[in-house]
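**Q** Sharing final28.cif, mmCIF, C-alpha atoms:
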```
data_run
#
loop_
_atom_site.group_PDB
_atom_site.id
_atom_site.type_symbol
_atom_site.label_atom_id
_atom_site.label_comp_id
_atom_site.auth_asym_id
_atom_site.auth_seq_id
_atom_site.Cartn_x
_atom_site.Cartn_y
_atom_site.Cartn_z
ATOM 1 C CA MET A 1 0.000 0.000 0.000
ATOM 2 C CA THR A 2 1.246 3.325 -0.907
ATOM 3 C CA VAL A 3 0.922 6.546 0.973
ATOM 4 C CA GLY A 4 -1.772 7.665 -1.470
ATOM 5 C CA ASP A 5 -3.757 4.492 -0.809
ATOM 6 C CA VAL A 6 -3.534 5.027 2.967
ATOM 7 C CA ALA A 7 -4.550 8.650 2.601
ATOM 8 C CA GLY A 8 -7.496 7.585 0.422
ATOM 9 C CA LEU A 9 -8.496 4.935 2.948
ATOM 10 C CA ILE A 10 -8.349 7.481 5.781
ATOM 11 C CA ALA A 11 -10.372 9.940 3.732
ATOM 12 C CA ALA A 12 -12.959 7.238 2.963
ATOM 13 C CA ILE A 13 -13.227 6.288 6.644
ATOM 14 C CA ALA A 14 -13.539 9.961 7.620
ATOM 15 C CA PHE A 15 -16.247 10.395 4.996
ATOM 16 C CA VAL A 16 -18.157 7.330 6.295
ATOM 17 C CA LEU A 17 -17.908 8.696 9.858
ATOM 18 C CA LEU A 18 -19.121 12.098 8.662
ATOM 19 C CA VAL A 19 -22.060 10.515 6.815
ATOM 20 C CA GLY A 20 -22.860 8.413 9.920
ATOM 21 C CA ALA A 21 -22.697 11.485 12.158
ATOM 22 C CA LEU A 22 -25.007 13.383 9.814
ATOM 23 C CA ALA A 23 -27.388 10.435 9.409
ATOM 24 C CA VAL A 24 -28.359 10.382 13.100
ATOM 25 C CA PRO A 25 -29.806 13.942 13.141
ATOM 26 C CA LEU A 26 -31.505 13.303 9.795
ATOM 27 C CA VAL A 27 -33.197 10.164 11.147
ATOM 28 C CA LYS A 28 -34.302 12.072 14.247
ATOM 29 C CA LEU A 29 -35.604 14.900 12.046
ATOM 30 C CA GLY A 30 -37.562 12.342 10.003
ATOM 31 C CA ARG A 31 -39.159 11.002 13.202
ATOM 32 C CA VAL A 32 -40.062 14.538 14.285
ATOM 33 C CA LEU A 33 -41.684 15.212 10.903
ATOM 34 C CA ASP A 34 -43.618 11.923 11.086
ATOM 35 C CA GLU A 35 -44.871 12.855 14.565
ATOM 36 C CA ALA A 36 -45.843 16.328 13.366
ATOM 37 C CA THR A 37 -47.763 14.792 10.459
ATOM 38 C CA ARG A 38 -49.575 12.433 12.836
ATOM 39 C CA SER A 39 -50.434 15.327 15.191
ATOM 40 C CA ILE A 40 -51.789 17.447 12.342
ATOM 41 C CA ARG A 41 -53.914 14.514 11.158
ATOM 42 C CA GLU A 42 -55.382 14.073 14.670
ATOM 43 C CA VAL A 43 -56.088 17.784 15.014
ATOM 44 C CA THR A 44 -57.828 17.769 11.643
ATOM 45 C CA GLU A 45 -59.921 14.728 12.576
ATOM 46 C CA HIS A 46 -61.012 16.394 15.831
ATOM 47 C CA SER A 47 -61.624 19.850 14.406
ATOM 48 C CA VAL A 48 -63.868 18.833 11.492
ATOM 49 C CA PRO A 49 -66.767 17.747 13.778
ATOM 50 C CA ILE A 50 -66.333 20.920 15.818
ATOM 51 C CA LEU A 51 -66.548 23.023 12.660
ATOM 52 C CA ASP A 52 -69.643 21.120 11.529
ATOM 53 C CA GLU A 53 -71.284 21.710 14.909
ATOM 54 C CA ALA A 54 -70.347 25.400 14.785
ATOM 55 C CA ALA A 55 -71.902 25.685 11.324
ATOM 56 C CA THR A 56 -75.094 24.052 12.619
ATOM 57 C CA THR A 57 -75.138 26.431 15.595
ATOM 58 C CA VAL A 58 -74.686 29.474 13.369
ATOM 59 C CA ALA A 59 -77.498 28.281 11.090
ATOM 60 C CA GLY A 60 -79.770 27.838 14.124
ATOM 61 C CA ALA A 61 -78.845 31.293 15.405
ATOM 62 C CA ASN A 62 -79.673 32.794 12.010
ATOM 63 C CA THR A 63 -83.069 31.082 12.092
ATOM 64 C CA GLN A 64 -83.760 32.467 15.557
ATOM 65 C CA LEU A 65 -82.661 35.948 14.458
ATOM 66 C CA GLY A 66 -85.130 35.718 11.576
ATOM 67 C CA LYS A 67 -87.897 34.894 14.059
ATOM 68 C CA VAL A 68 -86.859 37.784 16.308
ATOM 69 C CA ASP A 69 -86.900 40.095 13.298
ATOM 70 C CA THR A 70 -90.440 38.971 12.495
ATOM 71 C CA ILE A 71 -91.515 39.560 16.096
ATOM 72 C CA THR A 72 -89.979 43.033 16.229
ATOM 73 C CA THR A 73 -91.593 43.932 12.916
ATOM 74 C CA SER A 74 -94.943 42.799 14.269
ATOM 75 C CA ALA A 75 -94.365 44.732 17.481
ATOM 76 C CA ALA A 76 -93.560 47.866 15.482
ATOM 77 C CA GLN A 77 -96.775 47.448 13.502
ATOM 78 C CA VAL A 78 -98.778 46.978 16.704
ATOM 79 C CA SER A 79 -97.150 50.083 18.157
ATOM 80 C CA GLU A 80 -98.084 52.067 15.057
ATOM 81 C CA ASN A 81 -101.662 50.767 15.238
ATOM 82 C CA VAL A 82 -101.959 51.698 18.927
ATOM 83 C CA SER A 83 -100.578 55.152 18.183
ATOM 84 C CA ALA A 84 -103.074 55.631 15.374
ATOM 85 C CA LEU A 85 -105.907 54.366 17.579
ATOM 86 C CA SER A 86 -104.984 56.725 20.410
ATOM 87 C CA GLY A 87 -104.826 59.611 17.942
ATOM 88 C CA LEU A 88 -108.234 58.636 16.598
ATOM 89 C CA TYR A 89 -109.633 58.417 20.133
ATOM 90 C CA ALA A 90 -108.231 61.826 21.009
ATOM 91 C CA ALA A 91 -109.682 63.331 17.855
ATOM 92 C CA THR A 92 -113.153 61.801 18.142
ATOM 93 C CA LEU A 93 -113.752 61.578 21.887
ATOM 94 C CA GLY A 94 -111.025 63.512 23.638
ATOM 95 C CA ARG A 95 -111.736 67.020 22.399
ATOM 96 C CA PRO A 96 -115.510 66.801 22.841
ATOM 97 C CA LEU A 97 -115.058 65.324 26.316
ATOM 98 C CA VAL A 98 -112.758 68.191 27.245
ATOM 99 C CA LYS A 99 -115.340 70.637 25.955
ATOM 100 C CA VAL A 100 -118.134 68.910 27.897
ATOM 101 C CA ALA A 101 -115.990 68.890 31.040
ATOM 102 C CA ALA A 102 -115.184 72.589 30.618
ATOM 103 C CA PHE A 103 -118.837 73.393 30.007
ATOM 104 C CA SER A 104 -119.984 71.421 33.050
ATOM 105 C CA TYR A 105 -117.331 73.120 35.153
ATOM 106 C CA GLY A 106 -118.540 76.500 33.951
ATOM 107 C CA VAL A 107 -122.167 75.582 34.704
ATOM 108 C CA ARG A 108 -121.234 74.407 38.221
ATOM 109 C CA GLN A 109 -119.308 77.595 38.846
ATOM 110 C CA ALA A 110 -122.236 79.634 37.622
ATOM 111 C CA PHE A 111 -124.702 77.775 39.894
ATOM 112 C CA ALA A 112 -122.302 78.039 42.803
ATOM 113 C CA GLY A 113 -121.937 81.787 42.226
ATOM 114 C CA ALA A 114 -125.698 82.190 41.942
ATOM 115 C CA ALA A 115 -126.208 80.185 45.128
ATOM 116 C CA ARG A 116 -123.693 82.363 46.973
ATOM 117 C CA LYS A 117 -125.381 85.514 45.769
ATOM 118 C CA ALA A 118 -128.750 84.127 46.864
ATOM 119 C CA THR A 119 -127.472 83.293 50.313
ATOM 120 C CA ASP A 120 -125.776 86.665 50.574
ATOM 121 C CA ARG A 121 -129.046 88.470 49.689
ATOM 122 C CA GLY A 122 -131.186 86.262 51.883
ATOM 123 C CA GLY A 123 -128.831 86.459 54.809
ATOM 124 C CA ARG A 124 -128.680 90.283 54.927
#
```
Just give me the structure of the file as structure tokens.

**A**
Amino acid sequence: MTVGDVAGLIAAIAFVLLVGALAVPLVKLGRVLDEATRSIREVTEHSVPILDEAATTVAGANTQLGKVDTITTSAAQVSENVSALSGLYAATLGRPLVKVAAFSYGVRQAFAGAARKATDRGGR
């Protein structure tokens, strides 16, 4: 064996040791990537039912909001009808009743004044 052959043999052994030293971290990295893939698969399997349930819940909430919208629209219409009815009542009965009340008050005051004058004249 020549010096060149020995140097080549040493270089080959050094290269094999280098490849072996680099292979260990690469194998470990491969295991880490396999574990990460498995974890992502499990997360996906568990999150899909949760997303489906959330979609169902949102659809149910939208249905309920539609019902609430219908109720509030109906309540607004009832409020408008009550307002119109109270305005109609005030126009048809309120003003005449106020006039009748004012007239009856005036008549009572007039009779009370006449009665006072009569008692004042009779008592003198």

**Q** Can you tell me how far CA of Ser47 (chain A) sits from CA of Ala59 (chain A), in Å to one decimal?

**A**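 Distance between the two atoms: 18.3 Å.
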
**Q** Between CA of Ala114 (chain A) and CA of Lys99 (chain A), what is the distance, to one decimal in Å?

**A**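 So the two atoms, CA of Ala114 (chain A) and CA of Lys99 (chain A), lie 22.3 Å apart.
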
**Q** Quote the spacing between CA of Ala23 (chain A) and CA of Ala7 (chain A) in Å to one decimal place.

**A**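 So the two atoms, CA of Ala23 (chain A) and CA of Ala7 (chain A), lie 23.9 Å apart.
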
**Q** Could region 46-74 of chain A be completed with N, CA and C atoms and written as a PDB file, in the coordinates of the input, please?

**A**
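Final file, out_33.pdb:
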```
ATOM      1  N   HIS A  46     -60.224  15.901  14.699  1.00  0.00           N
ATOM      2  CA  HIS A  46     -61.012  16.394  15.831  1.00  0.00           C
ATOM      3  C   HIS A  46     -61.662  17.742  15.542  1.00  0.00           C
ATOM      4  N   SER A  47     -61.072  18.525  14.661  1.00  0.00           N
ATOM      5  CA  SER A  47     -61.624  19.850  14.406  1.00  0.00           C
ATOM      6  C   SER A  47     -62.750  19.838  13.375  1.00  0.00           C
ATOM      7  N   VAL A  48     -62.802  18.878  12.506  1.00  0.00           N
ATOM      8  CA  VAL A  48     -63.868  18.833  11.492  1.00  0.00           C
ATOM      9  C   VAL A  48     -65.243  18.692  12.153  1.00  0.00           C
ATOM     10  N   PRO A  49     -65.452  17.784  13.125  1.00  0.00           N
ATOM     11  CA  PRO A  49     -66.767  17.747  13.778  1.00  0.00           C
ATOM     12  C   PRO A  49     -67.101  19.036  14.525  1.00  0.00           C
ATOM     13  N   ILE A  50     -66.091  19.658  15.115  1.00  0.00           N
ATOM     14  CA  ILE A  50     -66.333  20.920  15.818  1.00  0.00           C
ATOM     15  C   ILE A  50     -66.778  21.992  14.836  1.00  0.00           C
ATOM     16  N   LEU A  51     -66.150  22.047  13.675  1.00  0.00           N
ATOM     17  CA  LEU A  51     -66.548  23.023  12.660  1.00  0.00           C
ATOM     18  C   LEU A  51     -67.951  22.741  12.139  1.00  0.00           C
ATOM     19  N   ASP A  52     -68.284  21.469  11.965  1.00  0.00           N
ATOM     20  CA  ASP A  52     -69.643  21.120  11.529  1.00  0.00           C
ATOM     21  C   ASP A  52     -70.671  21.554  12.572  1.00  0.00           C
ATOM     22  N   GLU A  53     -70.364  21.308  13.841  1.00  0.00           N
ATOM     23  CA  GLU A  53     -71.284  21.710  14.909  1.00  0.00           C
ATOM     24  C   GLU A  53     -71.412  23.232  14.975  1.00  0.00           C
ATOM     25  N   ALA A  54     -70.301  23.932  14.787  1.00  0.00           N
ATOM     26  CA  ALA A  54     -70.347  25.400  14.785  1.00  0.00           C
ATOM     27  C   ALA A  54     -71.196  25.912  13.627  1.00  0.00           C
ATOM     28  N   ALA A  55     -71.085  25.272  12.470  1.00  0.00           N
ATOM     29  CA  ALA A  55     -71.902  25.685  11.324  1.00  0.00           C
ATOM     30  C   ALA A  55     -73.382  25.454  11.606  1.00  0.00           C
ATOM     31  N   THR A  56     -73.705  24.331  12.254  1.00  0.00           N
ATOM     32  CA  THR A  56     -75.094  24.052  12.619  1.00  0.00           C
ATOM     33  C   THR A  56     -75.597  25.086  13.623  1.00  0.00           C
ATOM     34  N   THR A  57     -74.750  25.442  14.591  1.00  0.00           N
ATOM     35  CA  THR A  57     -75.138  26.431  15.595  1.00  0.00           C
ATOM     36  C   THR A  57     -75.380  27.793  14.963  1.00  0.00           C
ATOM     37  N   VAL A  58     -74.517  28.183  14.044  1.00  0.00           N
ATOM     38  CA  VAL A  58     -74.686  29.474  13.369  1.00  0.00           C
ATOM     39  C   VAL A  58     -75.968  29.474  12.533  1.00  0.00           C
ATOM     40  N   ALA A  59     -76.262  28.363  11.878  1.00  0.00           N
ATOM     41  CA  ALA A  59     -77.498  28.281  11.090  1.00  0.00           C
ATOM     42  C   ALA A  59     -78.713  28.399  12.006  1.00  0.00           C
ATOM     43  N   GLY A  60     -78.665  27.732  13.160  1.00  0.00           N
ATOM     44  CA  GLY A  60     -79.770  27.838  14.124  1.00  0.00           C
ATOM     45  C   GLY A  60     -79.920  29.248  14.657  1.00  0.00           C
ATOM     46  N   ALA A  61     -78.793  29.906  14.925  1.00  0.00           N
ATOM     47  CA  ALA A  61     -78.845  31.293  15.405  1.00  0.00           C
ATOM     48  C   ALA A  61     -79.441  32.208  14.342  1.00  0.00           C
ATOM     49  N   ASN A  62     -79.098  31.987  13.089  1.00  0.00           N
ATOM     50  CA  ASN A  62     -79.673  32.794  12.010  1.00  0.00           C
ATOM     51  C   ASN A  62     -81.178  32.588  11.916  1.00  0.00           C
ATOM     52  N   THR A  63     -81.630  31.357  12.108  1.00  0.00           N
ATOM     53  CA  THR A  63     -83.069  31.082  12.092  1.00  0.00           C
ATOM     54  C   THR A  63     -83.765  31.832  13.219  1.00  0.00           C
ATOM     55  N   GLN A  64     -83.166  31.769  14.412  1.00  0.00           N
ATOM     56  CA  GLN A  64     -83.760  32.467  15.557  1.00  0.00           C
ATOM     57  C   GLN A  64     -83.765  33.976  15.341  1.00  0.00           C
ATOM     58  N   LEU A  65     -82.694  34.514  14.742  1.00  0.00           N
ATOM     59  CA  LEU A  65     -82.661  35.948  14.458  1.00  0.00           C
ATOM     60  C   LEU A  65     -83.750  36.336  13.457  1.00  0.00           C
ATOM     61  N   GLY A  66     -84.029  35.462  12.511  1.00  0.00           N
ATOM     62  CA  GLY A  66     -85.130  35.718  11.576  1.00  0.00           C
ATOM     63  C   GLY A  66     -86.464  35.783  12.300  1.00  0.00           C
ATOM     64  N   LYS A  67     -86.659  34.873  13.272  1.00  0.00           N
ATOM     65  CA  LYS A  67     -87.897  34.894  14.059  1.00  0.00           C
ATOM     66  C   LYS A  67     -87.991  36.157  14.898  1.00  0.00           C
ATOM     67  N   VAL A  68     -86.868  36.566  15.505  1.00  0.00           N
ATOM     68  CA  VAL A  68     -86.859  37.784  16.308  1.00  0.00           C
ATOM     69  C   VAL A  68     -87.156  38.993  15.430  1.00  0.00           C
ATOM     70  N   ASP A  69     -86.629  38.996  14.219  1.00  0.00           N
ATOM     71  CA  ASP A  69     -86.900  40.095  13.298  1.00  0.00           C
ATOM     72  C   ASP A  69     -88.387  40.168  12.970  1.00  0.00           C
ATOM     73  N   THR A  70     -88.999  39.012  12.769  1.00  0.00           N
ATOM     74  CA  THR A  70     -90.440  38.971  12.495  1.00  0.00           C
ATOM     75  C   THR A  70     -91.224  39.512  13.691  1.00  0.00           C
ATOM     76  N   ILE A  71     -90.815  39.110  14.886  1.00  0.00           N
ATOM     77  CA  ILE A  71     -91.515  39.560  16.096  1.00  0.00           C
ATOM     78  C   ILE A  71     -91.373  41.065  16.263  1.00  0.00           C
ATOM     79  N   THR A  72     -90.164  41.596  16.059  1.00  0.00           N
ATOM     80  CA  THR A  72     -89.979  43.033  16.229  1.00  0.00           C
ATOM     81  C   THR A  72     -90.728  43.816  15.151  1.00  0.00           C
ATOM     82  N   THR A  73     -90.807  43.269  13.961  1.00  0.00           N
ATOM     83  CA  THR A  73     -91.593  43.932  12.916  1.00  0.00           C
ATOM     84  C   THR A  73     -93.063  43.965  13.305  1.00  0.00           C
ATOM     85  N   SER A  74     -93.558  42.850  13.824  1.00  0.00           N
ATOM     86  CA  SER A  74     -94.943  42.799  14.269  1.00  0.00           C
ATOM     87  C   SER A  74     -95.182  43.757  15.425  1.00  0.00           C
TER      88      SER A  74
END
```
